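A.B. asks: To be precise about what I am sending: the file is called run.txt and holds compact mmCIF, C-alpha atoms.
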```txt
# COMPACT_ATOMS: atom_id res chain seq x y z
CA MET O 1 0.00 0.00 0.00
CA SER O 2 1.14 3.58 -0.70
CA CYS O 3 -1.01 6.55 0.51
CA GLY O 4 -3.96 4.17 0.66
CA LEU O 5 -3.40 2.77 -2.84
CA GLY O 6 -2.68 -0.85 -3.60
CA GLU O 7 -0.02 -1.97 -6.09
CA ASP O 8 -2.55 -2.33 -8.91
CA ALA O 9 -3.95 1.15 -8.28
CA VAL O 10 -0.44 2.65 -8.29
CA ALA O 11 0.45 0.77 -11.48
CA TYR O 12 -2.74 2.01 -13.19
CA ARG O 13 -2.05 5.63 -12.26
CA LEU O 14 1.54 5.33 -13.45
CA LYS O 15 0.33 3.90 -16.77
CA THR O 16 -2.21 6.68 -17.29
CA GLY O 17 0.23 9.43 -16.31
CA ARG O 18 -1.52 10.51 -13.12
CA LEU O 19 1.46 9.41 -11.01
CA HIS O 20 5.16 9.80 -11.81
CA VAL O 21 8.11 8.05 -10.21
CA VAL O 22 10.50 10.39 -8.40
CA PHE O 23 12.41 7.66 -6.58
CA ARG O 24 11.49 4.02 -6.09
CA GLY O 25 8.46 4.06 -3.82
CA VAL O 26 8.00 7.85 -4.01
CA TYR O 27 5.68 9.40 -6.60
CA SER O 28 4.49 12.82 -7.70
CA PHE O 29 0.94 13.56 -8.73
CA GLY O 30 -0.13 15.61 -11.75
CA CYS O 31 1.92 16.76 -14.74
CA GLY O 32 5.21 15.39 -13.42
CA GLU O 33 6.97 18.77 -13.22
CA LEU O 34 8.26 19.21 -9.68
CA PRO O 35 8.26 22.50 -7.71
CA PRO O 36 11.47 23.79 -6.06
CA PHE O 37 13.00 21.42 -3.51
CA ALA O 38 10.45 18.67 -4.23
CA ARG O 39 13.21 16.22 -5.27
CA GLU O 40 14.99 16.86 -1.98
CA LEU O 41 11.75 16.24 -0.07
CA ALA O 42 11.19 13.07 -2.10
CA GLY O 43 14.67 11.93 -1.12
CA LEU O 44 13.80 12.30 2.55
CA LYS O 45 10.54 10.43 2.02
CA ALA O 46 12.43 7.62 0.29
CA CYS O 47 14.92 7.31 3.16
CA GLY O 48 12.48 7.66 6.03
CA GLY O 49 13.12 8.80 9.59
CA GLY O 50 16.60 9.87 10.66
CA SER O 51 17.42 11.31 7.23
CA PHE O 52 18.38 14.84 6.22
CA VAL O 53 19.46 16.62 3.03
CA SER O 54 23.25 16.93 2.94
CA HIS O 55 26.39 17.53 0.87
CA ARG O 56 25.86 19.26 -2.52
CA SER O 57 22.06 19.08 -2.21
CA ALA O 58 22.24 20.92 1.11
CA ALA O 59 24.57 23.49 -0.47
CA PHE O 60 21.92 24.02 -3.16
CA VAL O 61 19.14 24.43 -0.57
CA TRP O 62 21.25 27.08 1.21
CA GLY O 63 21.81 28.86 -2.11
CA ALA O 64 25.55 28.19 -2.32
CA LEU O 65 25.14 26.30 -5.61
CA SER O 66 23.06 27.73 -8.42
CA ARG O 67 21.88 24.35 -9.71
CA PRO O 68 20.85 21.18 -7.93
CA PRO O 69 23.17 18.21 -8.33
CA ALA O 70 22.12 15.40 -10.65
CA GLU O 71 21.68 13.10 -7.64
CA VAL O 72 19.96 14.15 -4.43
CA ASP O 73 22.33 13.76 -1.46
CA VAL O 74 20.66 12.47 1.69
CA SER O 75 22.41 11.41 4.89
CA VAL O 76 20.79 8.69 6.99
CA VAL O 77 21.46 7.72 10.59
CA GLY O 78 21.54 3.93 10.59
CA SER O 79 21.67 1.38 7.80
CA GLY O 80 18.11 1.13 6.52
CA SER O 81 18.42 2.96 3.21
CA ARG O 82 20.54 2.47 0.12
CA SER O 83 21.48 4.61 -2.85
CA ARG O 84 19.34 4.22 -5.97
CA ASP O 85 18.87 5.95 -9.30
CA GLY O 86 18.99 9.69 -8.70
CA LEU O 87 19.53 9.35 -4.95
CA ARG O 88 22.88 9.14 -3.16
CA VAL O 89 22.64 7.95 0.43
CA HIS O 90 25.39 8.69 2.98
CA ARG O 91 25.17 6.50 6.08
CA LEU O 92 26.06 7.82 9.52
CA ARG O 93 26.23 6.31 12.96
CA ALA O 94 24.91 9.49 14.54
CA VAL O 95 24.52 13.22 14.02
CA GLU O 96 24.25 15.99 16.59
CA LYS O 97 21.10 18.06 16.50
CA ARG O 98 23.09 21.31 16.44
CA GLU O 99 24.44 20.30 13.01
CA LEU O 100 20.94 20.22 11.48
CA ARG O 101 18.68 23.07 10.42
CA TRP O 102 15.05 23.40 9.27
CA GLN O 103 15.27 25.16 5.91
CA GLU O 104 12.72 25.28 3.06
CA ASP O 105 10.57 22.81 5.05
CA LEU O 106 13.40 20.27 5.01
CA TRP O 107 15.86 18.94 7.54
CA VAL O 108 19.22 20.02 6.14
CA SER O 109 22.88 19.97 7.18
CA SER O 110 23.88 23.23 8.83
CA PRO O 111 26.03 25.54 6.66
CA ALA O 112 29.13 24.72 8.71
CA ARG O 113 28.52 20.99 8.40
CA VAL O 114 27.97 21.43 4.65
CA CYS O 115 31.53 22.82 4.39
CA LEU O 116 32.88 19.58 5.88
CA GLU O 117 30.69 17.44 3.60
CA ILE O 118 31.72 19.39 0.50
CA ALA O 119 35.41 19.22 1.49
CA ALA O 120 35.05 15.43 1.62
CA THR O 121 33.16 14.80 -1.61
CA SER O 122 33.32 17.87 -3.86
CA PRO O 123 36.34 20.02 -2.90
CA SER O 124 36.20 22.12 -6.07
CA ASP O 125 32.90 23.56 -4.78
CA LEU O 126 34.37 24.47 -1.39
CA PRO O 127 35.44 28.06 -2.28
CA ASP O 128 31.96 28.96 -3.52
CA VAL O 129 30.27 27.35 -0.52
CA ILE O 130 32.49 29.22 1.93
CA ASP O 131 32.15 32.50 0.03
CA HIS O 132 28.36 32.22 -0.01
CA GLY O 133 28.15 31.31 3.66
CA LEU O 134 30.29 34.26 4.71
CA ALA O 135 28.69 36.81 2.40
CA ASN O 136 25.19 35.87 3.57
CA ARG O 137 26.12 35.46 7.24
CA LEU O 138 25.10 31.83 7.27
CA LEU O 139 28.30 30.70 8.98
CA SER O 140 31.41 31.94 10.73
CA ARG O 141 34.94 30.68 11.18
CA ARG O 142 34.11 29.69 14.75
CA GLU O 143 31.18 27.51 13.61
CA ILE O 144 33.40 25.65 11.15
CA GLU O 145 36.06 25.20 13.84
CA ASP O 146 33.41 23.70 16.11
CA VAL O 147 32.38 21.22 13.39
CA LEU O 148 36.02 20.27 12.81
CA ARG O 149 36.57 19.77 16.55
CA ARG O 150 33.70 17.29 16.66
CA HIS O 151 34.84 15.40 13.54
CA ARG O 152 38.60 15.09 13.80
CA GLY O 153 39.89 12.35 11.52
CA GLN O 154 36.74 12.28 9.43
CA ARG O 155 37.03 12.45 5.65
CA GLY O 156 37.31 16.06 4.49
CA ALA O 157 38.41 17.38 7.89
CA ALA O 158 42.08 17.71 6.93
CA ARG O 159 41.26 19.60 3.74
CA LEU O 160 38.90 21.98 5.51
CA ALA O 161 41.37 22.46 8.38
CA ALA O 162 44.02 23.43 5.85
CA VAL O 163 41.75 26.19 4.58
CA LEU O 164 41.19 27.38 8.15
CA GLY O 165 44.79 27.20 9.27
CA ASP O 166 46.95 27.77 6.20
CA GLU O 167 47.06 31.39 5.02
CA ALA O 168 48.25 30.25 1.60
CA ALA O 169 45.25 27.94 1.33
CA MET O 170 42.91 30.67 2.51
CA THR O 171 44.16 33.47 0.30
CA ILE O 172 46.32 32.92 -2.74
CA THR O 173 48.07 36.21 -3.45
CA ARG O 174 46.82 38.35 -6.31
CA SER O 175 50.23 38.35 -8.00
CA ARG O 176 50.50 34.56 -7.93
CA ALA O 177 47.01 34.13 -9.35
CA GLU O 178 47.55 36.75 -12.06
CA LYS O 179 50.83 35.18 -13.15
CA ALA O 180 49.13 31.77 -13.33
CA MET O 181 46.26 33.26 -15.35
CA LEU O 182 48.55 35.00 -17.84
CA LYS O 183 50.59 31.82 -18.31
CA LEU O 184 47.39 29.85 -18.91
CA ILE O 185 46.26 32.36 -21.53
CA ARG O 186 49.66 32.45 -23.22
CA ASP O 187 50.11 28.67 -23.30
CA SER O 188 46.60 28.24 -24.72
CA ARG O 189 47.16 30.93 -27.37
CA LEU O 190 44.03 32.81 -26.39
CA PRO O 191 43.80 36.55 -27.13
CA ARG O 192 45.97 38.43 -24.65
CA PRO O 193 44.07 40.75 -22.30
CA GLU O 194 44.91 44.09 -20.76
CA ALA O 195 45.70 43.63 -17.08
CA ASN O 196 44.80 46.04 -14.28
CA VAL O 197 43.89 48.94 -16.54
CA THR O 198 41.54 51.69 -15.42
CA LEU O 199 37.94 51.38 -16.55
CA GLY O 200 35.83 54.16 -15.09
CA ARG O 201 36.30 54.09 -11.32
CA TYR O 202 37.52 50.48 -11.27
CA ARG O 203 40.53 48.45 -12.39
CA PRO O 204 39.42 45.02 -13.68
CA ASP O 205 41.94 42.23 -13.33
CA PHE O 206 41.75 41.25 -17.02
CA LEU O 207 40.05 43.10 -19.83
CA TRP O 208 39.40 41.96 -23.41
CA ARG O 209 38.22 45.29 -24.84
CA ASP O 210 37.37 44.03 -28.34
CA HIS O 211 35.47 41.05 -26.93
CA ARG O 212 33.74 43.16 -24.26
CA LEU O 213 34.78 40.64 -21.62
CA ILE O 214 36.17 41.10 -18.10
CA VAL O 215 37.62 38.46 -15.78
CA GLU O 216 37.95 39.12 -12.06
CA LEU O 217 39.98 36.90 -9.73
CA ASP O 218 38.54 36.75 -6.22
CA SER O 219 40.29 35.54 -3.13
CA TYR O 220 38.34 33.30 -0.79
CA GLY O 221 38.74 32.74 2.87
CA PHE O 222 37.62 34.24 6.11
CA HIS O 223 38.60 37.83 5.42
CA GLY O 224 35.56 38.21 3.16
CA GLY O 225 32.11 39.30 4.14
CA PRO O 226 28.96 41.18 3.15
CA GLU O 227 30.78 44.44 2.34
CA ALA O 228 33.15 42.77 -0.14
CA PHE O 229 30.26 40.83 -1.64
CA ARG O 230 28.21 44.02 -2.12
CA ASN O 231 31.16 45.89 -3.66
CA ASP O 232 31.72 43.10 -6.17
CA ARG O 233 28.07 43.16 -7.22
CA GLU O 234 28.19 46.94 -7.70
CA LYS O 235 31.33 46.58 -9.77
CA ASP O 236 29.71 43.92 -11.97
CA LEU O 237 26.67 46.13 -12.57
CA PHE O 238 28.96 49.00 -13.60
CA TYR O 239 30.85 46.78 -16.06
CA ARG O 240 27.63 45.41 -17.55
CA ASP O 241 26.23 48.92 -17.99
CA LEU O 242 29.26 49.53 -20.22
CA GLY O 243 28.42 46.43 -22.27
CA PHE O 244 30.95 44.01 -20.77
CA ASP O 245 30.30 40.43 -19.71
CA VAL O 246 31.95 39.48 -16.42
CA LEU O 247 33.47 36.13 -15.43
CA ARG O 248 34.55 35.57 -11.85
CA PHE O 249 36.95 32.86 -10.72
CA THR O 250 38.51 32.36 -7.34
CA ARG O 251 42.27 32.61 -7.28
CA ALA O 252 42.31 28.99 -6.10
CA HIS O 253 40.45 27.98 -9.27
CA VAL O 254 43.19 29.50 -11.43
CA VAL O 255 46.02 27.85 -9.49
CA TYR O 256 44.46 24.44 -8.82
CA GLU O 257 41.80 24.01 -11.53
CA PRO O 258 43.25 25.67 -14.64
CA ALA O 259 41.44 23.34 -17.06
CA MET O 260 38.03 24.45 -15.82
CA VAL O 261 39.05 28.12 -16.02
CA LEU O 262 40.42 27.65 -19.54
CA VAL O 263 37.27 25.96 -20.86
CA ARG O 264 34.96 28.66 -19.51
CA LEU O 265 37.21 31.50 -20.64
CA ALA O 266 37.66 30.10 -24.15
CA ARG O 267 33.90 29.56 -24.48
CA ALA O 268 33.16 33.12 -23.34
CA LEU O 269 35.70 34.62 -25.76
CA ALA O 270 34.31 32.57 -28.65
CA LEU O 271 30.74 33.67 -27.87
CA ARG O 272 31.74 37.33 -27.64
CA GLU O 273 33.70 37.10 -30.88
CA ARG O 274 30.59 35.92 -32.72
CA ALA O 275 28.35 38.51 -31.06
```
Could I get this structure in the form of structure tokens?

C.D. replies:
Amino acid sequence: MSCGLGEDAVAYRLKTGRLHVVFRGVYSFGCGELPPFARELAGLKACGGGSFVSHRSAAFVWGALSRPPAEVDVSVVGSGSRSRDGLRVHRLRAVEKRELRWQEDLWVSSPARVCLEIAATSPSDLPDVIDHGLANRLLSRREIEDVLRRHRGQRGAARLAAVLGDEAAMTITRSRAEKAMLKLIRDSRLPRPEANVTLGRYRPDFLWRDHRLIVELDSYGFHGGPEAFRNDREKDLFYRDLGFDVLRFTRAHVVYEPAMVLVRLARALALRERA
């Protein structure tokens, strides 16, 4: 039985399009198009009690990621649930209540706990998750330190601790990032930009005047905050009013993930060249 329907009744409604499978044993009713956060709710329904939205799915719920991951991440206390198509289950022995939050009518990992989860499974997303949490006052350094203290030795803890404790990991210098960016552009034979030239009241890091494209390299770490976030948004609006597209990368992206930076930059330049 499911919501008072027997197996034959469910099968009939699936066949006629009145029900749609979200996950095995969890269905949506109607046209099949799900409202925001319905897949995350379905994941909790599929896993039952003791489950909460976590990892990249929790980062999406908090707004740190612009798109939901292909698979819904759900953490489960105990061993009753398993991963299935579209649903990734992370099993835990226990979780402290202070590491959970009620957000968008869902039980979700706290922002500080999300940082640990992302460090363990999706480290390339960590800069954006930290930046978003700081800029929107969802977390603080102290809260992340508290999570690390409770989870010493756990997967991801060493990587996140390095960001907390290593100034080089927290903030790659502007000069180092700019040199890495220029070398990447030169080695890839992309059009060479102007660097640190004055444009109105600002000095963009890299400017392709003919392509109407600007690239800014942001630092990430715990020196950031709402003021820096607001200033960057104002700067982007000013550039766009002048007809420029703006790409933003963290300095860590340029140093540690040059392939990703190169692909996005080359695509943007090609699009602007055809425009």

A.B. asks: Mind giving me the straight-line distance from atom CA of O:Ser54 to atom CA of O:Ser109 in Å, one decimal?

C.D. replies: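 Atom CA of O:Ser109 lies 5.2 Å from atom CA of O:Ser54.
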
A.B. asks: Could you jot down the atom CA of O:Glu104 to atom CA of O:Gly50 separation for me, Å, one decimal place?

C.D. replies: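 Interatomic distance here is 17.6 Å.
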
A.B. asks: Which residue, O:Glu216, O:Asp146, O:Glu33, O:Asp210, has the smallest gap to O:Glu178 when you use all atoms listed in the file?

C.D. replies: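 For O:Glu178, the nearest of the given residues is O:Glu216.
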
A.B. asks: What does the distance between atom CA of O:Gly133 and atom CA of O:Pro258 come to in Å, to one decimal place?

C.D. replies: 24.4 Å

A.B. asks: Kindly indicate which residue among O:Leu207, O:Gly80, O:Ala64, O:Gly153 lies nearest to O:Asn136, using only C-alpha atoms for the distances.

C.D. replies: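 Comparing O:Leu207, O:Gly80, O:Ala64, O:Gly153 against O:Asn136, the winner is O:Ala64.
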
A.B. asks: Which residue gives the smallest distance to O:Gly48 among O:Pro35, O:Gly78, O:Pro127, O:Pro69, with all atoms listed in the file counted?

C.D. replies: O:Gly78

A.B. asks: Which residues come within 10 Å of O:Ala158, counting all atoms listed in the file, excluding same-chain residues fewer than 3 positions away, as a list in words?

C.D. replies: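 Skipping anything fewer than 3 positions along the chain leaves Leu116, Ala119, Ala120, Leu148, Arg152, Gly153, Gln154, Arg155, Ala161, Ala162, Val163 and Leu164 of chain O.
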
A.B. asks: Take the residues that were just selected and, keeping C-alpha atoms, output them as an mmCIF file, keeping the file's coordinate frame.

C.D. replies:
```cif
data_model
loop_
_atom_site.group_PDB
_atom_site.id
_atom_site.type_symbol
_atom_site.label_atom_id
_atom_site.label_comp_id
_atom_site.auth_asym_id
_atom_site.auth_seq_id
_atom_site.Cartn_x
_atom_site.Cartn_y
_atom_site.Cartn_z
ATOM 1 C CA LEU O 116 32.880 19.580 5.880
ATOM 2 C CA ALA O 119 35.410 19.220 1.490
ATOM 3 C CA ALA O 120 35.050 15.430 1.620
ATOM 4 C CA LEU O 148 36.020 20.270 12.810
ATOM 5 C CA ARG O 152 38.600 15.090 13.800
ATOM 6 C CA GLY O 153 39.890 12.350 11.520
ATOM 7 C CA GLN O 154 36.740 12.280 9.430
ATOM 8 C CA ARG O 155 37.030 12.450 5.650
ATOM 9 C CA ALA O 161 41.370 22.460 8.380
ATOM 10 C CA ALA O 162 44.020 23.430 5.850
ATOM 11 C CA VAL O 163 41.750 26.190 4.580
ATOM 12 C CA LEU O 164 41.190 27.380 8.150
#
```

A.B. asks: Check the smallest atom-to-atom distance from each of O:Thr250, O:Ser75, O:Thr198, O:Ser57 to O:Arg39 using all atoms listed in the file, then report the winner.

C.D. replies: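 That would be O:Ser57, the residue with the smallest distance to O:Arg39.
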
A.B. asks: Do a neighbour search on O:Leu269 at 10 Å with only C-alpha atoms, toss out local chain neighbours closer than 5 positions, and write the hits as an NGL selection string.

C.D. replies: :O and (190-191 or 208 or 210-213 or 245 or 264 or 274-275)

A.B. asks: Identify which of the residues O:Val147, O:Leu92, O:Leu139, O:Ala195 lies closest to O:Arg113, counting all atoms listed in the file when measuring atom-to-atom distances.

C.D. replies: O:Val147

A.B. asks: My list of candidates is O:Ile144, O:Leu100, O:Leu160, O:Ala70. Which is closest to O:Arg56 when distances are computed with all atoms listed in the file?

C.D. replies: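 Of O:Ile144, O:Leu100, O:Leu160, O:Ala70, the one nearest O:Arg56 is O:Ala70, counting all atoms listed in the file.
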
A.B. asks: Edge lengths and centre, in Å to one decimal, as lines of an AutoDock Vina configuration file: that's what I need for the box along x, y and z that holds all listed atoms of stretch 238-250 of chain O plus 3 Å on each side.

C.D. replies:
```
center_x = 32.4
center_y = 40.9
center_z = -14.8
size_x = 18.3
size_y = 23.2
size_z = 20.9
```

A.B. asks: Do you know which residues are at most 12 Å from O:Ser83 counting all atoms listed in the file, after dropping those on the same chain fewer than 4 positions away, and could you put them as an mmCIF file with C-alpha atoms, in the coordinates of the input?

C.D. replies:
```
data_model
loop_
_atom_site.group_PDB
_atom_site.id
_atom_site.type_symbol
_atom_site.label_atom_id
_atom_site.label_comp_id
_atom_site.auth_asym_id
_atom_site.auth_seq_id
_atom_site.Cartn_x
_atom_site.Cartn_y
_atom_site.Cartn_z
ATOM 1 C CA PHE O 23 12.410 7.660 -6.580
ATOM 2 C CA ARG O 24 11.490 4.020 -6.090
ATOM 3 C CA GLY O 43 14.670 11.930 -1.120
ATOM 4 C CA ALA O 46 12.430 7.620 0.290
ATOM 5 C CA CYS O 47 14.920 7.310 3.160
ATOM 6 C CA GLU O 71 21.680 13.100 -7.640
ATOM 7 C CA VAL O 72 19.960 14.150 -4.430
ATOM 8 C CA ASP O 73 22.330 13.760 -1.460
ATOM 9 C CA VAL O 74 20.660 12.470 1.690
ATOM 10 C CA SER O 75 22.410 11.410 4.890
ATOM 11 C CA VAL O 76 20.790 8.690 6.990
ATOM 12 C CA SER O 79 21.670 1.380 7.800
ATOM 13 C CA LEU O 87 19.530 9.350 -4.950
ATOM 14 C CA ARG O 88 22.880 9.140 -3.160
ATOM 15 C CA VAL O 89 22.640 7.950 0.430
ATOM 16 C CA HIS O 90 25.390 8.690 2.980
ATOM 17 C CA ARG O 91 25.170 6.500 6.080
#
```

A.B. asks: Would you mind listing what lies within 7 Å of O:Val108 as a list of chain:residue names, with all atoms listed in the file counted and same-chain residues fewer than 4 positions away left out?

C.D. replies: O:Phe52, O:Val53, O:Ser54, O:Ala58, O:Leu100, O:Arg101, O:Trp102, O:Gln103

A.B. asks: Restricted to C-alpha atoms, what would the selected residues look like written as a PDB file, in the frame of the given file?

C.D. replies:
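Below you can see selection38.pdb, which holds the result:
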```pdb
ATOM      1  CA  PHE O  52      18.380  14.840   6.220  1.00  0.00           C
ATOM      2  CA  VAL O  53      19.460  16.620   3.030  1.00  0.00           C
ATOM      3  CA  SER O  54      23.250  16.930   2.940  1.00  0.00           C
ATOM      4  CA  ALA O  58      22.240  20.920   1.110  1.00  0.00           C
ATOM      5  CA  LEU O 100      20.940  20.220  11.480  1.00  0.00           C
ATOM      6  CA  ARG O 101      18.680  23.070  10.420  1.00  0.00           C
ATOM      7  CA  TRP O 102      15.050  23.400   9.270  1.00  0.00           C
ATOM      8  CA  GLN O 103      15.270  25.160   5.910  1.00  0.00           C
TER       9      GLN O 103
END
```
